[in-house]
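The structure file input_8.txt is reproduced below (compact mmCIF, C-alpha atoms).
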```
# COMPACT_ATOMS: atom_id res chain seq x y z
CA MET A 1 81.79 99.89 154.10
CA ALA A 2 82.80 99.15 150.49
CA ALA A 3 81.55 102.59 149.43
CA ASN A 4 83.64 104.25 152.14
CA PHE A 5 86.66 102.22 151.07
CA LEU A 6 86.20 103.34 147.43
CA TRP A 7 85.82 106.93 148.63
CA TRP A 8 89.14 106.79 150.45
CA VAL A 9 90.93 105.04 147.55
CA CYS A 10 89.68 107.72 145.14
CA ILE A 11 90.90 110.50 147.43
CA LEU A 12 94.25 108.76 147.70
CA LEU A 13 94.54 108.42 143.92
CA GLU A 14 93.58 112.07 143.40
CA ILE A 15 96.31 113.15 145.83
CA THR A 16 98.80 110.84 144.08
CA LEU A 17 97.80 112.26 140.69
CA LEU A 18 98.30 115.81 141.90
CA LEU A 19 101.64 115.04 143.57
CA ARG A 20 102.94 113.22 140.47
CA GLY A 21 101.72 116.10 138.33
CA ILE A 22 103.72 118.54 140.43
CA SER A 23 106.89 116.42 140.48
CA SER A 24 106.79 115.67 136.72
CA GLU A 25 105.80 119.29 135.98
CA LEU A 26 102.78 118.11 134.03
CA VAL A 27 100.71 120.50 136.15
CA LYS A 28 102.13 123.38 134.13
CA LYS A 29 101.16 121.77 130.85
CA TYR A 30 97.69 120.47 131.79
CA ARG A 31 96.61 123.25 134.14
CA LEU A 32 92.90 122.90 133.49
CA PHE A 33 92.88 119.15 134.01
CA TYR A 34 94.79 119.33 137.27
CA GLY A 35 92.54 122.22 138.31
CA TYR A 36 89.58 119.90 137.79
CA ILE A 37 91.19 117.15 139.88
CA PHE A 38 91.95 119.70 142.60
CA CYS A 39 88.34 120.84 142.50
CA ILE A 40 87.07 117.26 142.90
CA LEU A 41 89.49 116.60 145.72
CA GLY A 42 88.43 119.78 147.50
CA GLY A 43 84.78 118.83 147.10
CA GLU A 44 85.33 115.33 148.40
CA VAL A 45 87.28 116.48 151.43
CA LEU A 46 84.52 119.00 152.19
CA ARG A 47 81.85 116.31 151.86
CA LEU A 48 83.85 113.99 154.07
CA ILE A 49 84.13 116.67 156.77
CA TYR A 50 80.39 117.40 156.65
CA TYR A 51 79.59 113.68 156.57
CA GLN A 52 81.62 113.12 159.72
CA PHE A 53 80.83 116.25 161.72
CA ALA A 54 77.61 117.84 160.39
CA ARG A 55 75.58 115.13 158.72
CA ASP A 56 72.37 117.22 158.76
CA ARG A 57 73.91 119.70 156.31
CA TYR A 58 75.58 117.07 154.16
CA GLY A 59 72.71 117.03 151.62
CA SER A 60 73.00 120.69 150.65
CA VAL A 61 76.82 120.57 150.63
CA TYR A 62 76.63 117.53 148.36
CA TRP A 63 74.59 119.41 145.72
CA TYR A 64 76.77 122.53 145.87
CA THR A 65 79.95 120.48 145.34
CA GLU A 66 78.29 118.27 142.71
CA LEU A 67 77.30 121.28 140.60
CA ALA A 68 80.75 122.83 141.01
CA THR A 69 82.53 119.65 139.91
CA VAL A 70 80.23 119.10 136.92
CA ILE A 71 80.87 122.67 135.74
CA ALA A 72 84.60 122.18 136.42
CA SER A 73 84.58 119.00 134.32
CA TYR A 74 84.10 121.26 131.29
CA ALA A 75 87.70 122.24 131.96
CA VAL A 76 88.76 118.75 130.88
CA ILE A 77 86.96 119.11 127.55
CA ILE A 78 88.55 122.54 127.07
CA GLU A 79 91.93 121.06 128.03
CA ILE A 80 91.68 118.28 125.44
CA LEU A 81 90.61 120.82 122.85
CA HIS A 82 93.36 123.25 123.84
CA GLN A 83 96.05 120.57 123.69
CA SER A 84 94.89 119.31 120.29
CA ARG A 85 94.97 122.81 118.79
CA ARG A 86 97.83 121.60 116.59
CA TYR A 87 95.16 119.86 114.57
CA PRO A 88 92.92 122.54 113.06
CA VAL A 89 90.82 119.73 111.61
CA LEU A 90 89.57 119.16 115.16
CA SER A 91 89.88 122.45 117.00
CA LYS A 92 88.17 124.68 114.42
CA PRO A 93 84.88 122.79 114.12
CA VAL A 94 84.62 122.00 117.85
CA THR A 95 85.57 125.28 119.55
CA ARG A 96 82.58 127.30 118.38
CA PRO A 97 79.93 124.65 119.15
CA LEU A 98 81.53 124.17 122.57
CA CYS A 99 81.06 127.83 123.49
CA ILE A 100 77.60 128.12 121.90
CA ILE A 101 76.25 124.94 123.46
CA PHE A 102 77.62 125.81 126.90
CA ALA A 103 76.04 129.27 126.74
CA LEU A 104 72.73 127.77 125.59
CA THR A 105 72.72 125.20 128.40
CA VAL A 106 73.37 127.83 131.07
CA SER A 107 70.72 130.16 129.58
CA TYR A 108 68.22 127.30 129.46
CA ALA A 109 68.93 126.46 133.09
CA CYS A 110 68.53 130.11 134.12
CA CYS A 111 65.20 130.38 132.27
CA ASP A 112 64.06 127.17 133.90
CA LEU A 113 65.07 128.56 137.28
CA LEU A 114 63.07 131.76 136.72
CA ALA A 115 60.06 129.85 135.44
CA ASN A 116 60.00 127.54 138.47
CA ARG A 117 60.61 130.45 140.88
CA PHE A 118 63.60 128.77 142.52
CA VAL A 119 61.90 125.67 143.96
CA SER A 120 65.01 124.31 145.68
CA PHE A 121 68.72 124.55 145.14
CA ALA A 122 69.12 120.74 145.22
CA ARG A 123 66.57 120.40 142.40
CA LEU A 124 68.22 123.15 140.35
CA ALA A 125 71.70 121.70 140.88
CA ALA A 126 70.56 118.21 139.93
CA ASP A 127 68.82 119.41 136.74
CA LEU A 128 71.67 121.69 135.72
CA ALA A 129 74.29 119.03 136.43
CA ARG A 130 72.32 116.53 134.33
CA ASP A 131 71.91 118.93 131.38
CA ILE A 132 75.56 119.98 131.49
CA ARG A 133 76.64 116.33 131.60
CA PHE A 134 74.57 115.49 128.51
CA VAL A 135 75.99 118.42 126.58
CA GLU A 136 79.48 117.59 127.75
CA GLY A 137 78.94 114.00 126.64
CA ALA A 138 77.83 115.10 123.17
CA LEU A 139 80.90 117.33 122.79
CA LEU A 140 83.23 114.61 124.02
CA LEU A 141 81.70 112.16 121.57
CA MET A 142 82.31 114.61 118.74
CA MET A 143 85.96 114.95 119.77
CA LEU A 144 86.48 111.21 120.17
CA TRP A 145 84.97 110.66 116.74
CA PHE A 146 87.44 113.16 115.26
CA PHE A 147 90.38 111.50 117.05
CA GLY A 148 89.39 108.09 115.73
CA ARG A 149 88.52 109.24 112.24
CA HIS A 150 91.78 111.07 111.63
CA ARG A 151 93.85 108.64 113.76
CA LEU A 152 95.38 111.58 115.63
CA PRO A 153 98.39 110.47 117.71
CA LEU A 154 97.48 112.18 120.96
CA GLY A 155 100.39 110.87 122.97
CA ARG A 156 100.14 108.97 126.25
CA ASN A 157 99.35 111.98 128.46
CA LEU A 158 96.58 113.59 126.44
CA GLY A 159 95.27 110.22 125.24
CA GLY A 160 94.98 109.04 128.85
CA ILE A 161 93.06 112.18 129.82
CA ALA A 162 90.67 111.62 126.91
CA ILE A 163 90.17 107.89 127.65
CA GLY A 164 89.60 108.44 131.39
CA SER A 165 87.13 111.22 130.65
CA ALA A 166 85.31 109.04 128.12
CA ILE A 167 84.88 106.22 130.65
CA TRP A 168 83.76 108.55 133.45
CA ILE A 169 81.44 110.77 131.39
CA GLY A 170 80.05 107.85 129.34
CA ALA A 171 79.14 105.90 132.48
CA ASN A 172 77.73 109.06 134.05
CA VAL A 173 75.49 109.80 131.06
CA ILE A 174 74.07 106.25 131.08
CA ASN A 175 73.56 106.45 134.85
CA LEU A 176 71.75 109.80 134.56
CA ALA A 177 69.48 108.34 131.90
CA PHE A 178 68.44 105.45 134.14
CA LEU A 179 68.21 107.62 137.25
CA SER A 180 64.66 108.61 136.24
CA LEU A 181 63.66 104.94 136.53
CA ARG A 182 63.88 104.87 140.30
CA GLY A 183 63.67 101.41 141.80
CA HIS A 184 64.52 99.79 138.48
CA GLU A 185 67.07 97.03 139.11
CA PHE A 186 69.43 98.18 136.39
CA SER A 187 69.30 101.75 137.69
CA VAL A 188 70.35 100.55 141.16
CA PHE A 189 73.15 98.46 139.64
CA LEU A 190 74.41 101.42 137.59
CA ARG A 191 74.42 103.72 140.61
CA GLU A 192 76.54 101.20 142.48
CA LEU A 193 78.84 100.80 139.49
CA LEU A 194 79.46 104.53 139.05
CA PRO A 195 82.13 104.92 141.78
CA VAL A 196 83.96 101.93 140.27
CA THR A 197 84.04 103.61 136.83
CA TYR A 198 85.39 106.76 138.47
CA LEU A 199 88.06 104.67 140.16
CA LEU A 200 88.92 103.13 136.77
CA ALA A 201 89.18 106.61 135.23
CA LEU A 202 91.48 107.71 138.04
CA ILE A 203 93.70 104.64 137.54
CA ILE A 204 93.95 105.44 133.80
CA TRP A 205 94.77 109.08 134.57
CA CYS A 206 97.43 108.03 137.11
CA PHE A 207 98.97 105.55 134.68
CA SER A 208 99.01 107.88 131.69
CA LEU A 209 100.12 110.97 133.61
CA TRP A 210 102.74 109.25 135.77
CA SER A 211 105.49 110.89 133.73
CA ALA A 212 105.68 113.32 130.85
CA ALA A 213 105.43 111.51 127.52
CA PRO A 214 106.76 113.03 124.32
CA SER A 215 104.09 115.15 122.69
CA CYS A 216 102.91 114.68 119.17
CA ALA A 217 104.39 117.96 117.91
CA ALA A 218 106.60 116.22 115.35
CA ARG A 219 103.54 114.95 113.56
CA LEU A 220 102.78 118.25 111.91
CA ALA A 221 103.92 117.43 108.56
CA ARG A 222 106.83 118.03 106.38
CA GLU A 223 104.24 117.80 103.62
CA SER A 224 103.40 121.20 102.15
CA GLU A 225 99.87 122.58 102.03
CA GLU A 226 99.87 122.47 98.21
CA HIS A 227 100.78 118.80 98.26
CA LEU A 228 98.04 118.03 100.75
CA GLY A 229 95.51 119.98 98.68
CA LEU A 230 96.49 118.04 95.56
CA LEU A 231 96.18 114.75 97.40
CA ALA A 232 92.71 115.68 98.63
CA VAL A 233 91.61 116.38 95.06
CA LYS A 234 93.15 113.08 93.94
CA THR A 235 91.29 111.15 96.65
CA ARG A 236 88.03 112.75 95.63
CA ALA A 237 88.66 111.77 92.01
CA MET A 238 89.36 108.19 93.06
CA VAL A 239 86.43 107.86 95.44
CA THR A 240 83.94 109.66 93.18
CA GLY A 241 83.83 106.96 90.54
CA ILE A 242 84.58 104.06 92.83
CA SER A 243 81.03 102.72 93.19
CA ALA A 244 80.42 102.92 89.44
CA ARG A 245 83.75 101.25 88.63
CA PHE A 246 83.07 98.55 91.17
CA LEU A 247 79.62 97.75 89.79
CA LYS A 248 80.90 97.87 86.21
CA VAL A 249 83.23 94.94 86.95
CA LEU A 250 80.34 92.85 88.26
CA ARG A 251 78.09 93.70 85.31
CA GLN A 252 77.80 90.95 82.71
CA MET B 253 59.78 107.97 131.52
CA THR B 254 59.86 104.87 129.36
CA ILE B 255 63.01 103.05 128.34
CA MET B 256 62.37 104.10 124.71
CA ALA B 257 62.53 107.78 125.73
CA LEU B 258 65.87 107.13 127.41
CA LEU B 259 67.29 105.42 124.35
CA PRO B 260 69.03 108.47 122.77
CA VAL B 261 70.80 109.30 126.04
CA VAL B 262 71.78 105.68 126.66
CA LEU B 263 73.04 105.50 123.07
CA LEU B 264 75.09 108.67 123.63
CA GLY B 265 76.69 107.19 126.75
CA ALA B 266 77.34 103.85 125.07
CA LEU B 267 78.92 105.55 122.05
CA ILE B 268 81.21 107.60 124.31
CA LEU B 269 82.35 104.38 125.98
CA VAL B 270 82.89 102.59 122.65
CA PHE B 271 84.87 105.48 121.15
CA GLY B 272 86.83 105.80 124.39
CA LEU B 273 87.80 102.14 124.29
CA ARG B 274 88.74 102.49 120.62
CA LEU B 275 91.07 105.28 121.62
CA VAL B 276 92.88 102.87 123.98
CA GLY B 277 94.22 100.99 120.95
CA GLN B 278 95.19 104.25 119.29
CA VAL B 279 97.05 105.63 122.32
CA PHE B 280 98.52 102.63 124.13
CA VAL B 281 98.82 99.96 121.43
CA GLY B 282 100.30 102.53 119.07
CA ASN B 283 98.49 101.98 115.80
CA ALA B 284 98.36 105.69 115.07
CA GLU B 285 101.61 106.27 113.26
CA GLY B 286 101.75 109.22 110.93
CA ALA B 287 101.24 108.97 107.21
CA THR B 288 103.42 110.15 104.34
CA ILE B 289 102.79 110.88 100.70
CA GLU B 290 104.55 107.57 99.92
CA ASP B 291 101.94 105.72 102.00
CA TYR B 292 99.26 107.52 100.05
CA SER B 293 100.79 106.62 96.69
CA ARG B 294 101.12 102.97 97.78
CA ALA B 295 97.45 102.86 98.84
CA GLY B 296 96.45 104.44 95.52
CA ARG B 297 98.48 101.89 93.53
CA LEU B 298 96.93 99.00 95.47
CA LEU B 299 93.45 100.29 94.73
CA ASP B 300 94.31 100.68 91.06
CA SER B 301 95.59 97.09 90.98
CA VAL B 302 92.11 95.89 91.99
CA PHE B 303 90.63 97.48 88.88
CA ILE B 304 93.48 96.35 86.65
CA GLU B 305 92.26 92.85 87.53
CA ALA B 306 88.78 93.82 86.33
CA ASP B 307 89.04 91.82 83.10
CA ILE B 308 90.10 88.69 84.97
CA MET B 309 87.21 89.23 87.36
CA LYS B 310 84.76 89.62 84.49
CA ARG B 311 86.05 86.35 83.06
CA ILE B 312 85.67 84.64 86.44
CA LEU B 313 82.06 85.79 86.68
CA SER B 314 81.18 85.16 83.03
CA SER B 315 78.28 82.83 82.29
CA ASP B 316 80.18 80.99 79.49
CA ASP B 317 82.14 78.93 81.98
CA VAL B 318 78.96 78.13 83.94
CA ARG B 319 77.24 76.86 80.79
CA PHE B 320 80.26 74.77 79.89
CA ILE B 321 80.56 73.21 83.35
CA ALA B 322 76.80 72.68 83.59
CA GLY B 323 76.89 70.72 80.33
CA LYS B 324 80.07 68.71 80.78
CA GLY B 325 81.03 68.56 84.45
CA THR B 326 79.95 66.02 87.04
CA TYR B 327 78.11 67.13 90.19
CA GLU B 328 81.34 67.22 92.26
CA VAL B 329 83.13 69.27 89.61
CA GLN B 330 80.21 71.71 89.42
CA LYS B 331 80.16 72.04 93.21
CA LEU B 332 83.89 72.68 93.34
CA PHE B 333 83.64 75.18 90.49
CA TYR B 334 80.86 77.16 92.18
CA SER B 335 82.54 77.22 95.57
CA GLU B 336 85.88 78.34 94.11
CA ARG B 337 84.32 81.10 92.02
CA LYS B 338 82.28 82.21 95.01
CA SER B 339 85.31 82.46 97.26
CA LEU B 340 87.23 84.32 94.53
CA ALA B 341 84.42 86.81 94.07
CA LEU B 342 84.07 87.34 97.82
CA ARG B 343 87.81 87.83 98.17
CA TRP B 344 87.87 90.38 95.37
CA VAL B 345 85.02 92.41 96.90
CA ARG B 346 86.64 92.30 100.35
CA ARG B 347 90.02 93.28 98.90
CA THR B 348 88.45 96.23 97.08
CA GLN B 349 86.76 97.31 100.32
CA ALA B 350 90.03 97.00 102.24
CA HIS B 351 92.02 99.00 99.66
CA VAL B 352 89.43 101.80 99.51
CA SER B 353 89.36 101.89 103.31
CA ASP B 354 93.19 102.03 103.46
CA LEU B 355 93.26 104.88 100.96
CA LEU B 356 90.68 106.80 102.99
CA LYS B 357 92.61 106.19 106.22
CA VAL B 358 95.83 107.59 104.76
CA HIS B 359 93.88 110.49 103.25
CA LEU B 360 92.29 111.31 106.62
CA LYS B 361 95.64 111.14 108.40
CA LEU B 362 97.10 113.51 105.84
CA ALA B 363 94.03 115.73 106.09
CA SER B 364 94.72 116.19 109.80
CA TYR B 365 98.05 117.85 108.90
CA THR B 366 96.50 120.66 106.97
CA SER B 367 95.93 124.02 108.59
CA LYS B 368 93.01 124.69 106.21
CA PRO B 369 90.40 122.02 106.91
CA MET B 370 87.95 121.57 104.03
CA ARG B 371 84.81 120.52 105.88
CA LYS B 372 82.44 120.47 102.90
CA PHE B 373 84.95 118.54 100.86
CA GLU B 374 85.51 116.00 103.63
CA PHE B 375 81.78 115.61 104.16
CA ASP B 376 81.26 115.00 100.45
CA LEU B 377 84.03 112.42 100.47
CA SER B 378 82.59 110.66 103.51
CA VAL B 379 79.17 110.42 101.87
CA LYS B 380 80.70 108.89 98.73
CA TYR B 381 82.67 106.44 100.82
CA LEU B 382 79.55 105.47 102.77
CA VAL B 383 77.67 104.89 99.50
CA PHE B 384 80.49 102.64 98.31
CA LYS B 385 80.49 100.76 101.64
CA LEU B 386 76.75 100.23 101.40
CA ILE B 387 76.84 99.05 97.78
CA SER B 388 79.82 96.76 98.30
CA ASN B 389 78.28 95.21 101.43
CA VAL B 390 75.01 94.58 99.61
CA VAL B 391 76.95 92.97 96.75
CA LEU B 392 78.92 90.91 99.26
CA ALA B 393 75.69 89.68 100.85
CA VAL B 394 74.12 88.89 97.46
CA ILE B 395 77.22 86.93 96.35
CA TRP B 396 77.23 85.06 99.63
CA ILE B 397 73.52 84.19 99.41
CA VAL B 398 72.95 83.45 95.71
CA GLY B 399 76.49 82.88 94.43
CA PRO B 400 78.64 85.02 92.11
CA PHE B 401 76.90 84.26 88.80
CA ARG B 402 73.41 85.09 89.98
CA ALA B 403 74.86 88.09 91.82
CA ALA B 404 76.32 89.34 88.53
CA MET B 405 72.89 88.85 86.94
CA VAL B 406 71.22 90.73 89.80
CA VAL B 407 73.72 93.60 89.51
CA THR B 408 73.23 93.73 85.73
CA TYR B 409 69.44 93.67 86.11
CA ILE B 410 69.44 96.42 88.75
CA LEU B 411 71.83 98.62 86.78
CA ASP B 412 69.91 98.11 83.52
CA SER B 413 66.61 98.88 85.24
CA ALA B 414 68.09 101.94 86.94
CA GLY B 415 69.53 103.08 83.60
CA TYR B 416 66.16 102.56 81.88
CA PHE B 417 64.24 104.54 84.50
CA TRP B 418 66.90 107.23 84.53
CA ASN B 419 66.62 107.60 80.75
CA ILE B 420 62.83 107.83 80.93
CA PHE B 421 63.07 110.38 83.72
CA ARG B 422 65.57 112.42 81.71
CA LEU B 423 63.42 112.38 78.59
CA ARG B 424 60.35 113.47 80.61
CA HIS B 425 62.39 116.18 82.21
CA PHE B 426 63.51 117.46 78.81
CA ASP B 427 59.90 117.30 77.55
CA VAL B 428 58.61 119.27 80.54
CA GLN B 429 61.42 121.79 80.28
CA GLY B 430 60.85 122.13 76.53
CA SER B 431 57.09 122.66 76.89
CA ARG B 432 57.63 125.17 79.72
CA LEU B 433 60.13 127.08 77.62
CA ALA B 434 57.75 127.01 74.66
CA SER B 435 54.77 128.27 76.72
CA GLY B 436 56.98 130.82 78.44
CA SER B 437 58.21 132.25 75.13
CA GLY B 438 54.63 132.21 73.73
CA SER B 439 53.19 134.22 76.61
CA GLN B 440 55.81 136.95 76.39
```
Using structure tokens, write down the structure from this file.
Amino acid sequence: MAANFLWWVCILLEITLLLRGISSELVKKYRLFYGYIFCILGGEVLRLIYYQFARDRYGSVYWYTELATVIASYAVIIEILHQSRRYPVLSKPVTRPLCIIFALTVSYACCDLLANRFVSFARLAADLARDIRFVEGALLLMMLWFFGRHRLPLGRNLGGIAIGSAIWIGANVINLAFLSLRGHEFSVFLRELLPVTYLLALIIWCFSLWSAAPSCAARLARESEEHLGLLAVKTRAMVTGISARFLKVLRQ
Amino acid sequence: MTIMALLPVVLLGALILVFGLRLVGQVFVGNAEGATIEDYSRAGRLLDSVFIEADIMKRILSSDDVRFIAGKGTYEVQKLFYSERKSLALRWVRRTQAHVSDLLKVHLKLASYTSKPMRKFEFDLSVKYLVFKLISNVVLAVIWIVGPFRAAMVVTYILDSAGYFWNIFRLRHFDVQGSRLASGSGSQ
């Protein structure tokens, strides 16, 4: 009963998010993100229809839609990366690994599929979804680390997308790790908690994308490249001797 | 699968959640204002001021005062003296840490403006900062455990020992290099 209620609330929030996105014209700006939400909504509606009218085929439909939504969730990572392209400090080091790692994961999954001679689609979808989630988690962590390290002002819209994704993907990764411990109490608890974390992510997305917030375009500095280069050299000079200077003071 | 085998994945998930929550403060609380060259200069001046006070700090940690107090002061005076010097030393270390961290923060904010990221440079800087963090935290712990005067003795002992071994290593290195050069030139 509670699970069904959560299901309906999530669908409602996804519809709200899409409608608000259209009315505030954020859909045009964050196409990939809204595409992902649309994909999830489509999947959930499809599952709901099969659950109500053709329960015997629900299992296979579940795995098809699950794999599709996990692959589509890459769109959110690409969206965050695309929107933060103003900061080459982030976009340059992340873009290439993103493409390489994604290609490697898909190739690995294909090899695995050939080696196991296509045991079952459900098994393949579950394995691929898990691997993609782990890789996605690693990439997201890298991006979040960059955001925190350089204190990038992402703005409410993009920041909300990143925070919601972090909560959803982080909880998902932990859940997938414990999923192999079937019957373990904590694993059961996590599985029950997962829809709640998704609901939380949706609430954050709704709140942050309710209206268009000013972007962080003005941040790109008035400071010239030469100035920034000089400052970098100055910082290195200051930090290079800092440990020695510090210890020298304490030396008797 | 054991829980130990799951640890890296669980750690990955937990780190994503922690960094995500940290981003909440950055996005919604609004502590991610931009930085200017003036901010950078201010942070640099503050860090310099810590080292301008170096002589005062040396005086605070000097053993002359300890000897004087140990000879003339009552137990209460000695106790007060030690606790005050300890808190001064701890405050100085923490202030140095805070100023270095502020300087790095402003530097990193400014680094995000550049269209030519210097990855090797930034990595080098991060390593140096981590070394400083490690050393300063060890010093902080030593001061907190044994007091500032013994801490100064420990630092002096460690640095002198390191210097001694470094000199021996360098001399050996020169000897080995010299003998290799000599044998190399003899065989030709």
Check your understanding: Any idea which chain B residues end up within 8 Å of chain A if we count only C-alpha atoms, as a count of residues only please?
Key -> 57
Non-local contacts of Gly42 in chain A (9 Å; only C-alpha atoms; under 5 positions in same chain excluded) as a list of chain:residue names =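 Selected residues are A:Ile37, A:Arg47, A:Thr65.
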Nearest-residue call for Glu192 in chain A, choices A:Cys110, A:Leu32, A:Leu179, A:Val70, using all atoms listed in the file =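 Selected residue with least distance to Glu192 in chain A: A:Leu179.
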* Residues around (99.8, 118.9, 130.4), cut-off 10 Å, counting only C-alpha atoms - what are they as JSON, numbers by chain? -> {"A": [21, 24, 25, 26, 27, 28, 29, 30, 31, 32, 33, 34, 79, 80, 83, 157, 158, 161, 209, 212, 213, 215]}
>> Here is a test: counting all atoms listed in the file, which residue of B:Met256, B:Asn389, B:Tyr334, B:Val379 is nearest to Ala322 in chain B?
In response: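 Closest candidate: B:Tyr334.
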Could you check how far CA of Arg297 in chain B sits from CA of Ser353 in chain B, in Å to one decimal?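 Going from CA of Arg297 in chain B over to CA of Ser353 in chain B covers 13.4 Å.
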_Distance in Å - CA of Trp63 in chain A versus CA of Pro97 in chain A_ =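 Taking CA of Trp63 in chain A and CA of Pro97 in chain A, their separation equals 27.6 Å.
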Between CA of Arg20 in chain A and CA of Ser211 in chain A - distance in Å to one decimal
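Spanning CA of Ser211 in chain A to CA of Arg20 in chain A is a straight-line distance of 7.6 Å.
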